[in-house]
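**Student:** Input: one structure, supplied below.
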Amino acid sequence: MSDQFANLHEYIASLPANVTQNIYGHPASCLAIFRELPVLARTIIMRFICLPNSEATGQPQPLSQSVVSSWINPSHQNTYKSISRMLVQLGIWNEVGTDWQVDATFRNNLTGAIFGGTTSWLDETDSSSTPSERNAKKLEELNIYSSTRWDCVLQYLVTPDKGQVTRDTIDVFLHAKLLKRNEDTSSSNTDPYTITGSGFKFLLMNRRSQVWFFIINSLETRQQRGEDISEHLIFLFQLSFATFGKDYSCEKFSAIKENFVQHLRELGLIWQKTRKIKRFYPTKLAIELASGLATSASAEQQLGADEIQSGFLIVETNYRVYAYTNNDLYLKIIELFCKMLYRFPNMSVGLITRQSIRNALSNEISADLILNFMKSHAHPQMRKRLLENKPLIPTTISDQIRLWEMERDRIVDQEGMLYNQFNSANDFELIEKYAKDLNVLLWSSAQKRCVVVSKAGHEEVKRFWKMQRPKTSNE
C-alpha cells in the first residue's frame, strides 16, 4: 500500500496547480488545510495574513526570507526549511526573488474563514415544511449508521461478496491495490476478488486513516474518469465544518456532485433517507475527516469499540487463538490466518496451522502483518507478559509463523522455455553448451535430452538453433 499521502497536505501538494487554485477559492478549504499544518507553519502564516497589502501592487506584501528566518530559533532552522518547502509545494507560499509572498487567493479566503464575513458554507435553507421533525436523526443513530456502513465496506474487503458494495467502491479497492482479481475461477463459489497484503495493512489502520486513504483513492479514480475533483474536495472540507446532528440541503447540487454524495452515503459519511429527499446529515466520519484532530486517542474513539483499546486476542503456545469479541469483522480478519474451531456468543476459538498461514501468505499477508495484528489487539491479560520482560506473542508462535513464511522462499519461480526431442546427443550438447556460454541455461538433463533456457535468452538460442540445425542434420 502506498504511503505517499500520509496526511492531507501531502495529497494537496500532489495535485495539479489549477486544481489547487480552485480549492483555495473557498474559505472552508483554506481553513481545513491550515488546521492540518504543523504549529510552526500555522504561526508563520498567521503573521503573513495580518500584514497589509503592498501599496504598489495591491497584492500580499512580500517579506525577505532572511527576515522570516530570523523569527525562528536557530535550533529549529532545519524544521523551518522543511516547512518552507512544504508551503511552496502546497502553493501557499511563492518565492519572489529573495522574498516570500503568500498566495493572494489563499490569504483572502483564510482571512475570511478566520475573522468572519463569509457566507454559510453549506446550504441550510429548507424548501419543505418541518423536515427536521419528519426525518430527524438522533446523534446515536448517526453514529451507529456510520459505523455499520463502514464495517460493511471493510467486511467486503475481507470476504468479497456481490451485493454488499457498489461498483464504485470495488473500483476504488482495485485502484488502491487493496483487492486483486482472483485467478482461480474454477469453482462457482470462488470469490471474484481476494484481499492483498496492502489490504491487510489497511485493516490495521485506525478508522480516520482508513477513511482518508479510501477517499484519496476514490478521488483519484474519479479524476481518471475526467471529473473535477476540486468540487468534491471543497465539499469534503465543507462537511468538516458542519454541525453534527444538523441536516443540510442538496437541492442545488449538480448531477456529478449528487453521485458523489451517494458514494459518501454508502461509506457512512452521510445519512440520507432516500435520494428523493434532498436533505442529508453529515456523520462524524465526515466531520472529523479534515478536522485537524491528529491524536491517536481521538482516532481510536471513532472505532466505537472498547475492545480496540483494551484488546481481545489471547494467543497460547499450543497455537490456539481465543478472540473475546462478537465483532464479525474482526472474526473474519482472524479467519484469514487461522482455522476457526468454535464460536460462542462472546468468544471464538481458532487454531494457527501451517496451511492457514500458507493461505494467508498466498494472499500477500506477511508474517509481520499477522504478528502486528495480534500484538495490536492483544488482550490485557497477554500484555502483562511485557511487565515480566517476556515478548507479547509467545516466541514459539512468532518463530514458527516466520519459519512457515521462509518455506515459501526455498523455491524460486523462473519463466523458461523447454527444448526437447533432439534427434541426437550432439544436437543436445550443442544447445546446452551454447546456453551455458550465454549464461541463460536454467536446467538440463542429458538422459532426457531436455534443455530449459531463460525467457530472456530464448530468442538468441532459438536463432542459433535454426542456424545450426541444417548443419547437424546433414552430418
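We label chains A, B, ... in the order they appear in the C-alpha cells, count residues from 1 in each chain, and number ligands from 1 in the order shown.
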Please extract the residues of range 146-354 of chain A with a backbone DSSP assignment of alpha helix (DSSP H) and present them as a short mmCIF file (atom, residue, chain, number, x, y, z; two decimals) with C-alpha atoms, in the first residue's frame.

**Tutor:**
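Output below, filename part-v9.cif:
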```cif
data_model
loop_
_atom_site.label_atom_id
_atom_site.label_comp_id
_atom_site.auth_asym_id
_atom_site.auth_seq_id
_atom_site.Cartn_x
_atom_site.Cartn_y
_atom_site.Cartn_z
CA SER A 146 -21.79 5.37 10.04
CA SER A 147 -20.10 2.55 11.95
CA THR A 148 -22.35 -0.08 10.34
CA ARG A 149 -21.83 1.23 6.83
CA TRP A 150 -18.05 1.46 7.16
CA ASP A 151 -17.86 -2.01 8.71
CA CYS A 152 -19.83 -3.29 5.71
CA VAL A 153 -17.18 -1.83 3.39
CA LEU A 154 -14.39 -3.45 5.40
CA GLN A 155 -16.21 -6.78 5.50
CA TYR A 156 -16.34 -6.82 1.72
CA LEU A 157 -12.59 -6.30 1.71
CA VAL A 158 -12.10 -9.36 3.93
CA ARG A 167 -19.12 -0.99 -8.35
CA ASP A 168 -17.57 2.40 -7.49
CA THR A 169 -16.30 1.04 -4.17
CA ILE A 170 -14.89 -2.10 -5.82
CA ASP A 171 -13.07 0.06 -8.37
CA VAL A 172 -11.51 2.06 -5.53
CA PHE A 173 -10.35 -1.14 -3.82
CA LEU A 174 -8.76 -2.35 -7.05
CA HIS A 175 -7.18 1.04 -7.79
CA GLY A 197 -1.12 -7.59 1.74
CA SER A 198 -1.86 -3.90 1.28
CA GLY A 199 -5.50 -4.61 2.10
CA PHE A 200 -4.47 -6.29 5.34
CA LYS A 201 -2.30 -3.27 6.23
CA PHE A 202 -5.33 -1.11 5.52
CA LEU A 203 -7.35 -3.07 8.08
CA LEU A 204 -4.68 -2.38 10.72
CA ARG A 207 -10.68 4.44 11.37
CA ARG A 208 -9.87 8.02 10.39
CA SER A 209 -6.75 6.97 8.44
CA GLN A 210 -8.76 4.28 6.67
CA VAL A 211 -11.44 6.74 5.56
CA TRP A 212 -8.88 9.31 4.45
CA PHE A 213 -6.88 6.74 2.44
CA PHE A 214 -10.05 5.45 0.80
CA ILE A 215 -11.29 8.96 -0.08
CA ILE A 216 -7.96 9.84 -1.70
CA ASN A 217 -8.09 6.76 -3.92
CA SER A 218 -11.75 7.42 -4.67
CA LEU A 219 -10.88 10.93 -5.85
CA GLU A 220 -8.06 9.53 -7.99
CA THR A 221 -10.43 7.12 -9.75
CA ARG A 222 -12.88 9.96 -10.39
CA GLN A 223 -10.09 12.16 -11.69
CA GLN A 224 -9.18 9.40 -14.15
CA ILE A 229 -12.22 16.64 -8.09
CA SER A 230 -11.78 20.19 -6.76
CA GLU A 231 -15.58 20.38 -6.36
CA HIS A 232 -15.56 17.11 -4.39
CA LEU A 233 -12.66 18.23 -2.19
CA ILE A 234 -14.34 21.54 -1.40
CA PHE A 235 -17.50 19.67 -0.40
CA LEU A 236 -15.50 17.36 1.90
CA PHE A 237 -13.87 20.39 3.54
CA GLN A 238 -17.29 21.99 3.97
CA LEU A 239 -18.53 18.84 5.70
CA ALA A 255 -25.58 15.50 -11.12
CA ILE A 256 -21.87 14.68 -10.61
CA LYS A 257 -21.89 16.08 -7.08
CA GLU A 258 -25.11 14.21 -6.32
CA ASN A 259 -23.42 10.98 -7.44
CA PHE A 260 -20.51 11.74 -5.09
CA VAL A 261 -22.98 12.29 -2.24
CA GLN A 262 -24.41 8.81 -2.86
CA HIS A 263 -20.89 7.39 -2.73
CA LEU A 264 -20.29 9.09 0.63
CA ARG A 265 -23.66 7.79 1.75
CA GLU A 266 -22.55 4.23 1.01
CA LEU A 267 -19.36 4.75 3.05
CA LYS A 284 -18.74 12.05 12.48
CA LEU A 285 -16.72 10.19 9.84
CA ALA A 286 -17.16 13.17 7.51
CA ILE A 287 -16.92 15.92 10.13
CA SER A 296 -4.41 8.60 18.21
CA ALA A 297 -6.89 8.65 21.08
CA SER A 298 -9.48 10.51 19.04
CA ALA A 299 -8.82 8.23 16.09
CA GLU A 300 -9.40 5.14 18.16
CA GLN A 301 -12.52 6.62 19.69
CA ASP A 306 -13.67 -0.57 23.79
CA GLU A 307 -12.10 -3.79 22.56
CA ILE A 308 -9.80 -1.83 20.25
CA GLN A 309 -8.26 -0.06 23.23
CA SER A 310 -8.27 -2.98 25.66
CA ASP A 328 -17.98 -10.16 12.72
CA LEU A 329 -15.36 -8.00 11.00
CA TYR A 330 -12.54 -8.96 13.37
CA LEU A 331 -13.54 -12.61 13.31
CA LYS A 332 -13.33 -12.58 9.52
CA ILE A 333 -9.89 -10.98 9.71
CA ILE A 334 -8.73 -13.68 12.15
CA ARG A 354 0.72 -24.44 8.66
#
```

**Student:** List as a ChimeraX atom specification the protein and nucleic acid residues near Ile23 in chain A, meaning an atom at most 12 Å away when only C-alpha atoms are counted, but skip any in the same chain fewer than 3 places from it.

**Tutor:** /A:12-13,15-20,26-33,90-92,105-106,109-110,228-238

**Student:** Excluding Lys81 in chain A and its own-chain neighbours fewer than 6 positions away, which residues fall within 12 Å of it when counting only C-alpha atoms? Please give them as a PDB file with C-alpha atoms, in the first residue's frame.

**Tutor:**
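The resulting file, out.pdb, is reproduced below:
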```
ATOM      1  CA  LEU A  40       5.230  26.437  13.244  1.00  0.00           C
ATOM      2  CA  ALA A  41       3.706  26.692   9.758  1.00  0.00           C
ATOM      3  CA  GLN A  65      13.456  35.269   3.504  1.00  0.00           C
ATOM      4  CA  SER A  66      16.148  36.399   5.932  1.00  0.00           C
ATOM      5  CA  VAL A  68      11.251  35.279   8.173  1.00  0.00           C
ATOM      6  CA  SER A  69      14.226  33.102   9.094  1.00  0.00           C
ATOM      7  CA  ILE A  72      12.866  31.097  14.088  1.00  0.00           C
ATOM      8  CA  PRO A  74      18.489  28.781  15.485  1.00  0.00           C
ATOM      9  CA  SER A  75      17.941  25.281  16.883  1.00  0.00           C
ATOM     10  CA  LEU A  87       4.392  25.586   1.871  1.00  0.00           C
ATOM     11  CA  VAL A  88       5.912  26.087  -1.579  1.00  0.00           C
TER      12      VAL A  88
END
```

**Student:** Excluding Thr353 in chain A and its own-chain neighbours fewer than 6 positions away, which residues fall within 10 Å of it when counting only C-alpha atoms? Please give them as a list in words.

**Tutor:**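 So, after excluding close chain neighbours, the residues are Tyr319, Arg320, Phe337, Cys338, Lys339, Asn359, Gln400, Ile401 and Trp404 of chain A.
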
**Student:** Would you output that residue set with N, CA and C atoms, as a CSV table (one decimal), in the first residue's frame?

**Tutor:**
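Result went into part18.csv, see below:
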```
chain,number,residue,atom,x,y,z
A,319,TYR,N,-0.8,-23.0,19.9
A,319,TYR,CA,-1.3,-22.4,18.6
A,319,TYR,C,-2.8,-22.1,18.6
A,320,ARG,N,-3.4,-22.1,19.8
A,320,ARG,CA,-4.8,-21.7,19.8
A,320,ARG,C,-4.9,-20.2,20.0
A,337,PHE,N,-6.0,-16.0,8.7
A,337,PHE,CA,-4.8,-16.7,9.1
A,337,PHE,C,-5.0,-17.8,10.1
A,338,CYS,N,-6.2,-18.1,10.5
A,338,CYS,CA,-6.5,-19.1,11.5
A,338,CYS,C,-7.6,-20.1,11.0
A,339,LYS,N,-7.5,-21.3,11.4
A,339,LYS,CA,-8.6,-22.2,11.2
A,339,LYS,C,-9.6,-22.1,12.4
A,359,ASN,N,-2.1,-20.1,3.5
A,359,ASN,CA,-3.2,-19.5,2.8
A,359,ASN,C,-3.1,-18.0,2.9
A,400,GLN,N,7.6,-19.9,14.7
A,400,GLN,CA,7.0,-20.8,13.8
A,400,GLN,C,6.3,-20.2,12.6
A,401,ILE,N,5.6,-19.1,12.8
A,401,ILE,CA,5.0,-18.3,11.7
A,401,ILE,C,6.0,-17.8,10.7
A,404,TRP,N,7.4,-20.8,8.7
A,404,TRP,CA,6.4,-21.2,7.6
A,404,TRP,C,6.5,-20.2,6.5
```

**Student:** Excluding same-chain residues fewer than 5 positions from range 136-144 of chain A, what lies within 8 Å of it counting only C-alpha atoms, as an NGL selection string?

**Tutor:** :A and (131 or 244-245 or 271 or 283-284)

**Student:** Find the residues around range 361-375 of chain A up to 6 Å (only C-alpha atoms counted), leave out those fewer than 3 positions away in its own chain, and share them as a ChimeraX atom specification.

**Tutor:** /A:196-197,358,378,402

**Student:** Please give the complete set of residues from range 316-442 of chain A that DSSP, run on the backbone, assigns to strand (DSSP E), formatted as a VMD selection string.

**Tutor:** chain A and resid 320 to 323 339 to 343 348 to 351 416 to 419 441 to 442

**Student:** Take the residues from that selection and put them in a file with N, CA and C atoms, as a PDB file, in the first residue's frame.

**Tutor:**
```pdb
ATOM      1  N   ARG A 320      -3.378 -22.098  19.770  1.00  0.00           N
ATOM      2  CA  ARG A 320      -4.791 -21.710  19.826  1.00  0.00           C
ATOM      3  C   ARG A 320      -4.907 -20.204  20.027  1.00  0.00           C
ATOM      4  N   VAL A 321      -5.910 -19.630  19.359  1.00  0.00           N
ATOM      5  CA  VAL A 321      -6.175 -18.193  19.447  1.00  0.00           C
ATOM      6  C   VAL A 321      -7.589 -18.015  19.980  1.00  0.00           C
ATOM      7  N   TYR A 322      -7.725 -17.268  21.071  1.00  0.00           N
ATOM      8  CA  TYR A 322      -9.028 -17.001  21.675  1.00  0.00           C
ATOM      9  C   TYR A 322      -9.379 -15.534  21.421  1.00  0.00           C
ATOM     10  N   ALA A 323     -10.489 -15.302  20.753  1.00  0.00           N
ATOM     11  CA  ALA A 323     -10.941 -13.947  20.431  1.00  0.00           C
ATOM     12  C   ALA A 323     -12.179 -13.631  21.259  1.00  0.00           C
ATOM     13  N   LYS A 339      -7.511 -21.273  11.431  1.00  0.00           N
ATOM     14  CA  LYS A 339      -8.591 -22.225  11.181  1.00  0.00           C
ATOM     15  C   LYS A 339      -9.564 -22.099  12.354  1.00  0.00           C
ATOM     16  N   MET A 340     -10.768 -21.617  12.085  1.00  0.00           N
ATOM     17  CA  MET A 340     -11.734 -21.382  13.160  1.00  0.00           C
ATOM     18  C   MET A 340     -12.339 -22.707  13.626  1.00  0.00           C
ATOM     19  N   LEU A 341     -12.341 -22.918  14.940  1.00  0.00           N
ATOM     20  CA  LEU A 341     -12.836 -24.167  15.524  1.00  0.00           C
ATOM     21  C   LEU A 341     -14.227 -24.015  16.129  1.00  0.00           C
ATOM     22  N   TYR A 342     -14.396 -23.019  17.014  1.00  0.00           N
ATOM     23  CA  TYR A 342     -15.669 -22.841  17.713  1.00  0.00           C
ATOM     24  C   TYR A 342     -16.043 -21.366  17.725  1.00  0.00           C
ATOM     25  N   ARG A 343     -17.356 -21.121  17.827  1.00  0.00           N
ATOM     26  CA  ARG A 343     -17.826 -19.768  18.026  1.00  0.00           C
ATOM     27  C   ARG A 343     -18.944 -19.765  19.059  1.00  0.00           C
ATOM     28  N   SER A 348     -14.629 -16.672  20.396  1.00  0.00           N
ATOM     29  CA  SER A 348     -14.395 -17.630  19.315  1.00  0.00           C
ATOM     30  C   SER A 348     -12.996 -18.206  19.481  1.00  0.00           C
ATOM     31  N   VAL A 349     -12.821 -19.436  19.007  1.00  0.00           N
ATOM     32  CA  VAL A 349     -11.550 -20.140  19.143  1.00  0.00           C
ATOM     33  C   VAL A 349     -11.049 -20.524  17.763  1.00  0.00           C
ATOM     34  N   GLY A 350      -9.794 -20.196  17.510  1.00  0.00           N
ATOM     35  CA  GLY A 350      -9.169 -20.554  16.251  1.00  0.00           C
ATOM     36  C   GLY A 350      -7.859 -21.274  16.486  1.00  0.00           C
ATOM     37  N   LEU A 351      -7.335 -21.878  15.435  1.00  0.00           N
ATOM     38  CA  LEU A 351      -6.083 -22.627  15.527  1.00  0.00           C
ATOM     39  C   LEU A 351      -5.150 -22.175  14.408  1.00  0.00           C
ATOM     40  N   GLY A 416      10.735 -19.944 -18.192  1.00  0.00           N
ATOM     41  CA  GLY A 416      11.732 -20.516 -19.097  1.00  0.00           C
ATOM     42  C   GLY A 416      11.083 -21.180 -20.299  1.00  0.00           C
ATOM     43  N   MET A 417      11.918 -21.559 -21.251  1.00  0.00           N
ATOM     44  CA  MET A 417      11.465 -22.238 -22.470  1.00  0.00           C
ATOM     45  C   MET A 417      12.143 -23.601 -22.554  1.00  0.00           C
ATOM     46  N   LEU A 418      11.348 -24.635 -22.876  1.00  0.00           N
ATOM     47  CA  LEU A 418      11.836 -26.009 -22.911  1.00  0.00           C
ATOM     48  C   LEU A 418      12.216 -26.399 -24.337  1.00  0.00           C
ATOM     49  N   TYR A 419      13.423 -26.963 -24.469  1.00  0.00           N
ATOM     50  CA  TYR A 419      13.887 -27.540 -25.744  1.00  0.00           C
ATOM     51  C   TYR A 419      14.039 -29.046 -25.522  1.00  0.00           C
ATOM     52  N   LEU A 441      21.147 -20.811 -19.280  1.00  0.00           N
ATOM     53  CA  LEU A 441      20.717 -22.180 -19.018  1.00  0.00           C
ATOM     54  C   LEU A 441      20.157 -22.273 -17.606  1.00  0.00           C
ATOM     55  N   LEU A 442      18.891 -22.714 -17.487  1.00  0.00           N
ATOM     56  CA  LEU A 442      18.262 -22.893 -16.188  1.00  0.00           C
ATOM     57  C   LEU A 442      18.346 -24.335 -15.710  1.00  0.00           C
TER      58      LEU A 442
END
```

**Student:** Can you tell me which residues surround Tyr281 in chain A at a distance of at most 7 Å, considering only C-alpha atoms, apart from same-chain residues fewer than 4 positions away, and format the answer as a ChimeraX atom specification?

**Tutor:** /A:245-248,270-272

**Student:** Just C-alpha atoms for this one: save the residues we selected as a PDB file, in the first residue's frame.

**Tutor:**
```
ATOM      1  CA  GLY A 245     -26.903  16.295  14.107  1.00  0.00           C
ATOM      2  CA  LYS A 246     -27.959  19.109  11.764  1.00  0.00           C
ATOM      3  CA  ASP A 247     -29.389  18.452   8.287  1.00  0.00           C
ATOM      4  CA  TYR A 248     -28.421  20.335   5.120  1.00  0.00           C
ATOM      5  CA  ILE A 270     -23.556  10.966   5.033  1.00  0.00           C
ATOM      6  CA  TRP A 271     -27.042   9.841   6.052  1.00  0.00           C
ATOM      7  CA  GLN A 272     -29.861  10.474   3.597  1.00  0.00           C
TER       8      GLN A 272
END
```

**Student:** Report the distance between CA of Ser64 in chain A and CA of Ala104 in chain A in Å, rounded to one decimal place.

**Tutor:**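 These two atoms are separated by 17.1 Å.
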